[in-house]
Amino acid sequence: MKRWLALGIGVCLVAGCGGKPEAAPSPGTSASNSAVPAPASSVPTAGPLDTAAYQAELTRIDQVLAGPARALTRVRTAEALSEAMSTLAESLNTIAVRLAALTVTSRLTGAHDLLQERIGVAATRLTSSVQKTEEDARCGGAAYTSQKVQRQLRTDLGTALVQLQRLRLTFGKTLPDPGPAPEQTRPDNGDVLVRRGASGIGRLKITNGTSKDVAISIVGDGQPPGSPQVMVYLRATQSATVNRISGAYRLYFKSGTDWDADHRRFLADCTFKKFDQTFGKNQAWQVNLQPRPGGNADTTEVEAY
């Protein structure tokens with residue numbers, strides 16, 4: 001059995017394992033269209049279609065996408081985001097069926113085939129990533145996570161859109177455009193993000209043996225994790241030592257990607273845990289955040305903080 005390792009001078013810890021509660025949903029509500037728009041036409045136009053006729057079909061498809069695509073920009077909760085993604089994926093699949101029934105001139109064949117392929121890729125990605133995206137939205141917020149989904153959608157369709165533009169064809173006008181991704185700034189390893197209250201003589205060496213960055217919160221016993229005495233940032237596989245810790249405390253740590261410096265949180269791939277035991281005051285401790293055989297300290301997953 002693998003356990004987290006925590007070593008205290010003259011102290012032997014007893015281990016036990018914690019469960020994994022569901023993360024709390026983000027506040028707010030939002031409605032999204034659950035019905036999939038019908039194809040623009042159930043009967044393919046007689047082909048092969050020339051440029052003007054094909055453009056007319058692409059314009060109709062844009063209209064089919066308009067509602068489901070716009071719903072992505074209006075979500076306010078993790079649940080609404082996953083619903084909007086599923087609806088958009090169904091719409092893309094409906095469009096793919098419509099495109100497959102069309103015959104185009106040889107000049108348009110390459111772009112037409114590529115568009116079908118990229119629409120399939122986009123639909124598959126939306127469907128397969130619904131659960132993970134909903135989890136990300138619970139820690140990073142529905143708006144931020146939805147913008148990532150919108151950028152990925154444009155990326156998945158990008159090569160097809162470029163090819164169509166070269167043929168002077170227009171498609172994708174209804175796709176949301178959230179702009180470029182915000183620049184990510186990672187704190188340096190060992191950066192102290194929060195320090196408040198009286199100083200003591202406690203010392204804690206932390207080794208982040210995981211592949212993700214973490215933010216460690218040293219929380220006075222009985223205090224909520226959102227009000228730490230000290231919060232320190234550790235990059236993946238790095239170590240740091242925190243000095244001047246006062247009183248008995250508990251250790252919380254959150255990991256993930258896309259660090260939000262303003263709110264001191266990760267916006268994606270996040271987890272939240274705490275060590276089950278209390279760390280004694282005025283003692284020196286060593287903690288390794290990587291579970292391993294022989295570890296003598298257990299952790300429990302907690303709600304986002």
# chains A, B, ... in the order shown; residues from 1 in each chain; ligands from 1

$ residues_around --residues "Val219 (chain A)" --least-positions-apart "2" --cutoff "8 Å" --atoms "only C-alpha atoms" --output "JSON, numbers by chain"
{"A": [217, 221, 223, 224, 225, 227, 228, 229, 230, 249, 250, 251, 252]}

$ write_last_selection --atoms "C-alpha atoms" --output "short mmCIF file (atom, residue, chain, number, x, y, z; two decimals), in the first residue's frame"
data_model
loop_
_atom_site.label_atom_id
_atom_site.label_comp_id
_atom_site.auth_asym_id
_atom_site.auth_seq_id
_atom_site.Cartn_x
_atom_site.Cartn_y
_atom_site.Cartn_z
CA SER A 217 -1.18 25.83 2.84
CA ASP A 221 -5.33 23.99 13.78
CA GLN A 223 -8.83 27.29 10.94
CA PRO A 224 -10.30 26.94 7.41
CA PRO A 225 -7.89 26.16 4.55
CA SER A 227 -7.07 31.32 5.69
CA PRO A 228 -3.57 29.86 5.89
CA GLN A 229 -0.78 31.05 8.15
CA VAL A 230 1.60 30.41 5.25
CA TYR A 249 -1.13 23.29 12.25
CA ARG A 250 -2.59 21.20 9.46
CA LEU A 251 -1.29 20.84 5.93
CA TYR A 252 -3.49 21.35 2.87
#

$ residues_around --residues "Glu183 (chain A)" --least-positions-apart "3" --cutoff "12 Å" --atoms "only C-alpha atoms" --output "PyMOL selection string"
chain A and resi 179-180+186+258-261

$ closest_residue --among "A:Lys274, A:Arg203, A:His263, A:Arg292" --to "Gly247 (chain A)" --atoms "only C-alpha atoms"
A:Arg203

$ closest_residue --among "A:Gln165, A:Gln290, A:Thr73, A:Thr174" --to "Thr145 (chain A)" --atoms "only C-alpha atoms"
A:Thr73

$ residues_around --residues "region 100-117 of chain A" --least-positions-apart "4" --cutoff "10 Å" --atoms "only C-alpha atoms" --output "MDAnalysis selection string"
chainID A and resid 42:51 53:54 57 92:93 95:96 121:122 156:167 169 171

$ write_last_selection --atoms "N, CA, C and O atoms" --output "short mmCIF file (atom, residue, chain, number, x, y, z; two decimals), in the first residue's frame"
data_model
loop_
_atom_site.label_atom_id
_atom_site.label_comp_id
_atom_site.auth_asym_id
_atom_site.auth_seq_id
_atom_site.Cartn_x
_atom_site.Cartn_y
_atom_site.Cartn_z
N SER A 42 -33.01 17.86 -45.32
CA SER A 42 -32.85 16.41 -45.19
C SER A 42 -32.59 15.75 -46.53
O SER A 42 -32.32 14.57 -46.61
N VAL A 43 -32.73 16.52 -47.61
CA VAL A 43 -32.52 15.97 -48.95
C VAL A 43 -31.33 16.69 -49.58
O VAL A 43 -31.36 17.90 -49.76
N PRO A 44 -30.25 15.97 -49.90
CA PRO A 44 -29.09 16.62 -50.50
C PRO A 44 -29.43 17.32 -51.80
O PRO A 44 -30.24 16.85 -52.60
N THR A 45 -28.80 18.47 -52.02
CA THR A 45 -28.96 19.18 -53.28
C THR A 45 -28.32 18.36 -54.39
O THR A 45 -27.26 17.77 -54.21
N ALA A 46 -28.95 18.37 -55.56
CA ALA A 46 -28.39 17.62 -56.69
C ALA A 46 -26.99 18.14 -56.99
O ALA A 46 -26.75 19.33 -57.05
N GLY A 47 -26.06 17.21 -57.17
CA GLY A 47 -24.68 17.62 -57.36
C GLY A 47 -24.19 17.24 -58.75
O GLY A 47 -24.95 16.71 -59.57
N PRO A 48 -22.93 17.45 -59.01
CA PRO A 48 -22.00 18.03 -58.04
C PRO A 48 -22.20 19.55 -57.88
O PRO A 48 -22.54 20.23 -58.82
N LEU A 49 -22.01 20.01 -56.63
CA LEU A 49 -22.20 21.42 -56.32
C LEU A 49 -21.00 22.23 -56.78
O LEU A 49 -19.85 21.84 -56.56
N ASP A 50 -21.27 23.39 -57.40
CA ASP A 50 -20.19 24.31 -57.73
C ASP A 50 -19.93 25.21 -56.53
O ASP A 50 -20.54 25.05 -55.46
N THR A 51 -19.04 26.17 -56.70
CA THR A 51 -18.64 27.02 -55.57
C THR A 51 -19.82 27.77 -54.97
O THR A 51 -19.99 27.82 -53.75
N ALA A 53 -23.11 27.08 -55.07
CA ALA A 53 -24.06 26.19 -54.41
C ALA A 53 -23.48 25.64 -53.11
O ALA A 53 -24.20 25.48 -52.11
N TYR A 54 -22.18 25.35 -53.14
CA TYR A 54 -21.54 24.83 -51.92
C TYR A 54 -21.50 25.90 -50.84
O TYR A 54 -21.71 25.61 -49.66
N GLU A 57 -24.71 25.94 -49.05
CA GLU A 57 -24.80 24.87 -48.07
C GLU A 57 -24.02 25.22 -46.80
O GLU A 57 -24.49 24.98 -45.68
N LEU A 92 -22.69 18.93 -34.43
CA LEU A 92 -21.60 18.67 -35.37
C LEU A 92 -21.78 17.31 -36.06
O LEU A 92 -21.52 17.17 -37.25
N ASN A 93 -22.22 16.33 -35.31
CA ASN A 93 -22.47 15.01 -35.91
C ASN A 93 -23.61 15.08 -36.93
O ASN A 93 -23.56 14.41 -37.98
N ILE A 95 -24.36 17.69 -38.70
CA ILE A 95 -23.79 18.38 -39.86
C ILE A 95 -22.93 17.44 -40.68
O ILE A 95 -22.92 17.47 -41.92
N ALA A 96 -22.16 16.58 -39.99
CA ALA A 96 -21.29 15.63 -40.70
C ALA A 96 -22.11 14.71 -41.60
O ALA A 96 -21.69 14.38 -42.72
N VAL A 121 -13.45 15.28 -35.84
CA VAL A 121 -12.47 15.42 -34.76
C VAL A 121 -13.02 16.31 -33.65
O VAL A 121 -12.92 16.00 -32.46
N ALA A 122 -13.62 17.43 -34.03
CA ALA A 122 -14.16 18.37 -33.04
C ALA A 122 -15.28 17.72 -32.23
O ALA A 122 -15.34 17.88 -31.00
N ASP A 156 -9.43 22.79 -33.71
CA ASP A 156 -9.79 21.53 -34.37
C ASP A 156 -10.30 21.77 -35.79
O ASP A 156 -10.07 20.94 -36.69
N LEU A 157 -10.99 22.87 -36.00
CA LEU A 157 -11.55 23.17 -37.31
C LEU A 157 -10.62 24.04 -38.16
O LEU A 157 -10.90 24.28 -39.34
N GLY A 158 -9.54 24.50 -37.57
CA GLY A 158 -8.71 25.53 -38.19
C GLY A 158 -8.20 25.20 -39.58
O GLY A 158 -8.31 26.03 -40.51
N THR A 159 -7.62 24.02 -39.78
CA THR A 159 -7.06 23.70 -41.09
C THR A 159 -8.13 23.67 -42.17
O THR A 159 -7.90 24.08 -43.32
N ALA A 160 -9.32 23.20 -41.81
CA ALA A 160 -10.42 23.17 -42.78
C ALA A 160 -10.87 24.59 -43.12
O ALA A 160 -11.17 24.89 -44.29
N LEU A 161 -10.93 25.47 -42.13
CA LEU A 161 -11.35 26.85 -42.39
C LEU A 161 -10.36 27.55 -43.32
O LEU A 161 -10.76 28.30 -44.22
N VAL A 162 -9.08 27.31 -43.11
CA VAL A 162 -8.05 27.92 -43.96
C VAL A 162 -8.19 27.43 -45.39
O VAL A 162 -8.11 28.21 -46.36
N GLN A 163 -8.39 26.13 -45.56
CA GLN A 163 -8.53 25.56 -46.90
C GLN A 163 -9.74 26.13 -47.61
O GLN A 163 -9.70 26.42 -48.82
N LEU A 164 -10.83 26.30 -46.90
CA LEU A 164 -12.03 26.88 -47.50
C LEU A 164 -11.79 28.33 -47.91
O LEU A 164 -12.24 28.78 -48.97
N GLN A 165 -11.08 29.08 -47.07
CA GLN A 165 -10.79 30.48 -47.38
C GLN A 165 -9.97 30.61 -48.67
O GLN A 165 -10.14 31.55 -49.45
N ARG A 166 -9.07 29.66 -48.88
CA ARG A 166 -8.25 29.70 -50.10
C ARG A 166 -9.11 29.54 -51.36
O ARG A 166 -8.73 29.99 -52.44
N LEU A 167 -10.24 28.89 -51.19
CA LEU A 167 -11.17 28.71 -52.30
C LEU A 167 -12.24 29.81 -52.32
O LEU A 167 -13.24 29.70 -53.04
N LEU A 169 -14.30 30.53 -49.97
CA LEU A 169 -15.52 30.06 -49.31
C LEU A 169 -15.51 30.49 -47.86
O LEU A 169 -14.45 30.52 -47.21
N PHE A 171 -16.90 29.96 -43.96
CA PHE A 171 -17.53 29.03 -43.01
C PHE A 171 -17.02 29.34 -41.61
O PHE A 171 -15.89 29.78 -41.42
#

$ select_by_dssp --residues "region 30-257 of chain A" --states "alpha helix (DSSP H)" --output "PDB file with C-alpha atoms, in the first residue's frame"
ATOM      1  CA  THR A  51     -18.638  27.025 -55.569  1.00  0.00           C
ATOM      2  CA  ALA A  52     -21.811  29.146 -55.281  1.00  0.00           C
ATOM      3  CA  ALA A  53     -24.063  26.193 -54.409  1.00  0.00           C
ATOM      4  CA  TYR A  54     -21.544  24.829 -51.920  1.00  0.00           C
ATOM      5  CA  GLN A  55     -21.276  28.231 -50.265  1.00  0.00           C
ATOM      6  CA  ALA A  56     -25.047  28.231 -49.840  1.00  0.00           C
ATOM      7  CA  GLU A  57     -24.805  24.866 -48.066  1.00  0.00           C
ATOM      8  CA  LEU A  58     -22.020  26.140 -45.804  1.00  0.00           C
ATOM      9  CA  THR A  59     -24.127  29.176 -44.913  1.00  0.00           C
ATOM     10  CA  ARG A  60     -27.007  26.900 -43.891  1.00  0.00           C
ATOM     11  CA  ILE A  61     -24.636  24.813 -41.771  1.00  0.00           C
ATOM     12  CA  ASP A  62     -23.398  27.957 -40.035  1.00  0.00           C
ATOM     13  CA  GLN A  63     -26.994  28.715 -39.112  1.00  0.00           C
ATOM     14  CA  VAL A  64     -27.379  25.223 -37.652  1.00  0.00           C
ATOM     15  CA  LEU A  65     -24.270  25.782 -35.503  1.00  0.00           C
ATOM     16  CA  ALA A  66     -25.221  29.265 -34.352  1.00  0.00           C
ATOM     17  CA  GLY A  67     -27.380  28.341 -31.351  1.00  0.00           C
ATOM     18  CA  PRO A  68     -25.255  25.515 -29.898  1.00  0.00           C
ATOM     19  CA  ALA A  69     -22.043  27.481 -30.437  1.00  0.00           C
ATOM     20  CA  ARG A  70     -23.461  30.596 -28.807  1.00  0.00           C
ATOM     21  CA  ALA A  71     -24.590  28.528 -25.807  1.00  0.00           C
ATOM     22  CA  LEU A  72     -20.922  27.914 -24.933  1.00  0.00           C
ATOM     23  CA  ALA A  78     -20.021  23.421 -14.696  1.00  0.00           C
ATOM     24  CA  GLU A  79     -23.183  21.439 -15.413  1.00  0.00           C
ATOM     25  CA  ALA A  80     -24.367  23.955 -18.007  1.00  0.00           C
ATOM     26  CA  LEU A  81     -20.995  23.819 -19.729  1.00  0.00           C
ATOM     27  CA  SER A  82     -21.050  20.031 -20.060  1.00  0.00           C
ATOM     28  CA  GLU A  83     -24.611  20.204 -21.407  1.00  0.00           C
ATOM     29  CA  ALA A  84     -23.635  22.849 -23.972  1.00  0.00           C
ATOM     30  CA  MET A  85     -20.661  20.730 -25.096  1.00  0.00           C
ATOM     31  CA  SER A  86     -22.834  17.650 -25.572  1.00  0.00           C
ATOM     32  CA  THR A  87     -25.414  19.618 -27.554  1.00  0.00           C
ATOM     33  CA  LEU A  88     -22.743  21.127 -29.783  1.00  0.00           C
ATOM     34  CA  ALA A  89     -21.187  17.697 -30.393  1.00  0.00           C
ATOM     35  CA  GLU A  90     -24.578  16.327 -31.479  1.00  0.00           C
ATOM     36  CA  SER A  91     -25.018  19.289 -33.828  1.00  0.00           C
ATOM     37  CA  LEU A  92     -21.601  18.668 -35.370  1.00  0.00           C
ATOM     38  CA  ASN A  93     -22.471  15.011 -35.910  1.00  0.00           C
ATOM     39  CA  THR A  94     -25.727  16.045 -37.565  1.00  0.00           C
ATOM     40  CA  ILE A  95     -23.794  18.380 -39.861  1.00  0.00           C
ATOM     41  CA  ALA A  96     -21.295  15.631 -40.696  1.00  0.00           C
ATOM     42  CA  VAL A  97     -24.150  13.440 -41.942  1.00  0.00           C
ATOM     43  CA  ARG A  98     -25.421  16.298 -44.086  1.00  0.00           C
ATOM     44  CA  LEU A  99     -21.965  16.957 -45.579  1.00  0.00           C
ATOM     45  CA  ALA A 100     -21.405  13.279 -46.355  1.00  0.00           C
ATOM     46  CA  SER A 106     -13.425  18.163 -58.186  1.00  0.00           C
ATOM     47  CA  ARG A 107     -12.066  21.604 -57.366  1.00  0.00           C
ATOM     48  CA  LEU A 108     -13.849  21.502 -54.001  1.00  0.00           C
ATOM     49  CA  THR A 109     -13.322  17.841 -53.108  1.00  0.00           C
ATOM     50  CA  GLY A 110     -10.177  18.286 -50.993  1.00  0.00           C
ATOM     51  CA  ALA A 111     -11.638  21.077 -48.860  1.00  0.00           C
ATOM     52  CA  HIS A 112     -14.962  19.268 -48.565  1.00  0.00           C
ATOM     53  CA  ASP A 113     -13.320  16.049 -47.345  1.00  0.00           C
ATOM     54  CA  LEU A 114     -11.091  17.936 -44.907  1.00  0.00           C
ATOM     55  CA  LEU A 115     -14.066  19.796 -43.446  1.00  0.00           C
ATOM     56  CA  GLN A 116     -15.856  16.511 -42.775  1.00  0.00           C
ATOM     57  CA  GLU A 117     -12.760  15.091 -41.104  1.00  0.00           C
ATOM     58  CA  ARG A 118     -12.186  18.101 -38.858  1.00  0.00           C
ATOM     59  CA  ILE A 119     -15.847  18.307 -37.854  1.00  0.00           C
ATOM     60  CA  GLY A 120     -15.607  14.666 -36.784  1.00  0.00           C
ATOM     61  CA  VAL A 121     -12.468  15.420 -34.758  1.00  0.00           C
ATOM     62  CA  ALA A 122     -14.160  18.365 -33.042  1.00  0.00           C
ATOM     63  CA  ALA A 123     -17.293  16.353 -32.211  1.00  0.00           C
ATOM     64  CA  THR A 124     -15.262  13.452 -30.817  1.00  0.00           C
ATOM     65  CA  ARG A 125     -13.126  15.743 -28.656  1.00  0.00           C
ATOM     66  CA  LEU A 126     -16.157  17.505 -27.233  1.00  0.00           C
ATOM     67  CA  THR A 127     -17.838  14.210 -26.366  1.00  0.00           C
ATOM     68  CA  SER A 128     -14.767  12.582 -24.832  1.00  0.00           C
ATOM     69  CA  VAL A 130     -17.142  16.452 -21.172  1.00  0.00           C
ATOM     70  CA  GLN A 131     -16.400  14.922 -17.759  1.00  0.00           C
ATOM     71  CA  LYS A 132     -12.902  16.365 -17.410  1.00  0.00           C
ATOM     72  CA  THR A 133     -14.052  19.779 -18.599  1.00  0.00           C
ATOM     73  CA  GLU A 134     -16.844  19.803 -16.028  1.00  0.00           C
ATOM     74  CA  GLU A 135     -14.307  18.976 -13.309  1.00  0.00           C
ATOM     75  CA  ASP A 136     -12.035  21.796 -14.497  1.00  0.00           C
ATOM     76  CA  ALA A 137     -14.956  24.210 -14.473  1.00  0.00           C
ATOM     77  CA  ARG A 138     -15.575  23.413 -10.798  1.00  0.00           C
ATOM     78  CA  CYS A 139     -12.127  24.640  -9.852  1.00  0.00           C
ATOM     79  CA  GLY A 140     -11.332  27.222 -12.524  1.00  0.00           C
ATOM     80  CA  ALA A 142     -17.208  27.929 -16.021  1.00  0.00           C
ATOM     81  CA  ALA A 143     -16.326  31.072 -17.991  1.00  0.00           C
ATOM     82  CA  TYR A 144     -12.582  30.407 -18.070  1.00  0.00           C
ATOM     83  CA  THR A 145     -13.026  26.718 -18.916  1.00  0.00           C
ATOM     84  CA  SER A 146     -15.593  27.480 -21.606  1.00  0.00           C
ATOM     85  CA  GLN A 147     -13.132  29.809 -23.303  1.00  0.00           C
ATOM     86  CA  LYS A 148     -10.604  26.967 -23.419  1.00  0.00           C
ATOM     87  CA  VAL A 149     -13.245  24.775 -25.078  1.00  0.00           C
ATOM     88  CA  GLN A 150     -14.001  27.518 -27.607  1.00  0.00           C
ATOM     89  CA  ARG A 151     -10.308  27.906 -28.500  1.00  0.00           C
ATOM     90  CA  GLN A 152      -9.919  24.150 -28.909  1.00  0.00           C
ATOM     91  CA  LEU A 153     -12.960  24.053 -31.200  1.00  0.00           C
ATOM     92  CA  ARG A 154     -11.444  26.687 -33.460  1.00  0.00           C
ATOM     93  CA  THR A 155      -8.130  24.813 -33.406  1.00  0.00           C
ATOM     94  CA  ASP A 156      -9.787  21.535 -34.371  1.00  0.00           C
ATOM     95  CA  LEU A 157     -11.550  23.170 -37.310  1.00  0.00           C
ATOM     96  CA  GLY A 158      -8.708  25.527 -38.194  1.00  0.00           C
ATOM     97  CA  THR A 159      -7.058  23.701 -41.090  1.00  0.00           C
ATOM     98  CA  ALA A 160     -10.422  23.172 -42.781  1.00  0.00           C
ATOM     99  CA  LEU A 161     -11.351  26.850 -42.388  1.00  0.00           C
ATOM    100  CA  VAL A 162      -8.053  27.917 -43.961  1.00  0.00           C
ATOM    101  CA  GLN A 163      -8.526  25.556 -46.900  1.00  0.00           C
ATOM    102  CA  LEU A 164     -12.030  26.883 -47.505  1.00  0.00           C
ATOM    103  CA  GLN A 165     -10.791  30.479 -47.382  1.00  0.00           C
ATOM    104  CA  ARG A 166      -8.253  29.698 -50.103  1.00  0.00           C
TER     105      ARG A 166
END

$ closest_residue --among "A:Gly141, A:Trp285, A:Thr170, A:Gln184" --to "Leu267 (chain A)" --atoms "only C-alpha atoms"
A:Gly141

$ select_by_dssp --residues "region 1-249 of chain A" --states "strand (DSSP E or B)" --output "ChimeraX atom specification"
/A:2-8,11,49,104,192-195,202-207,213-220,230-234,239-245,249
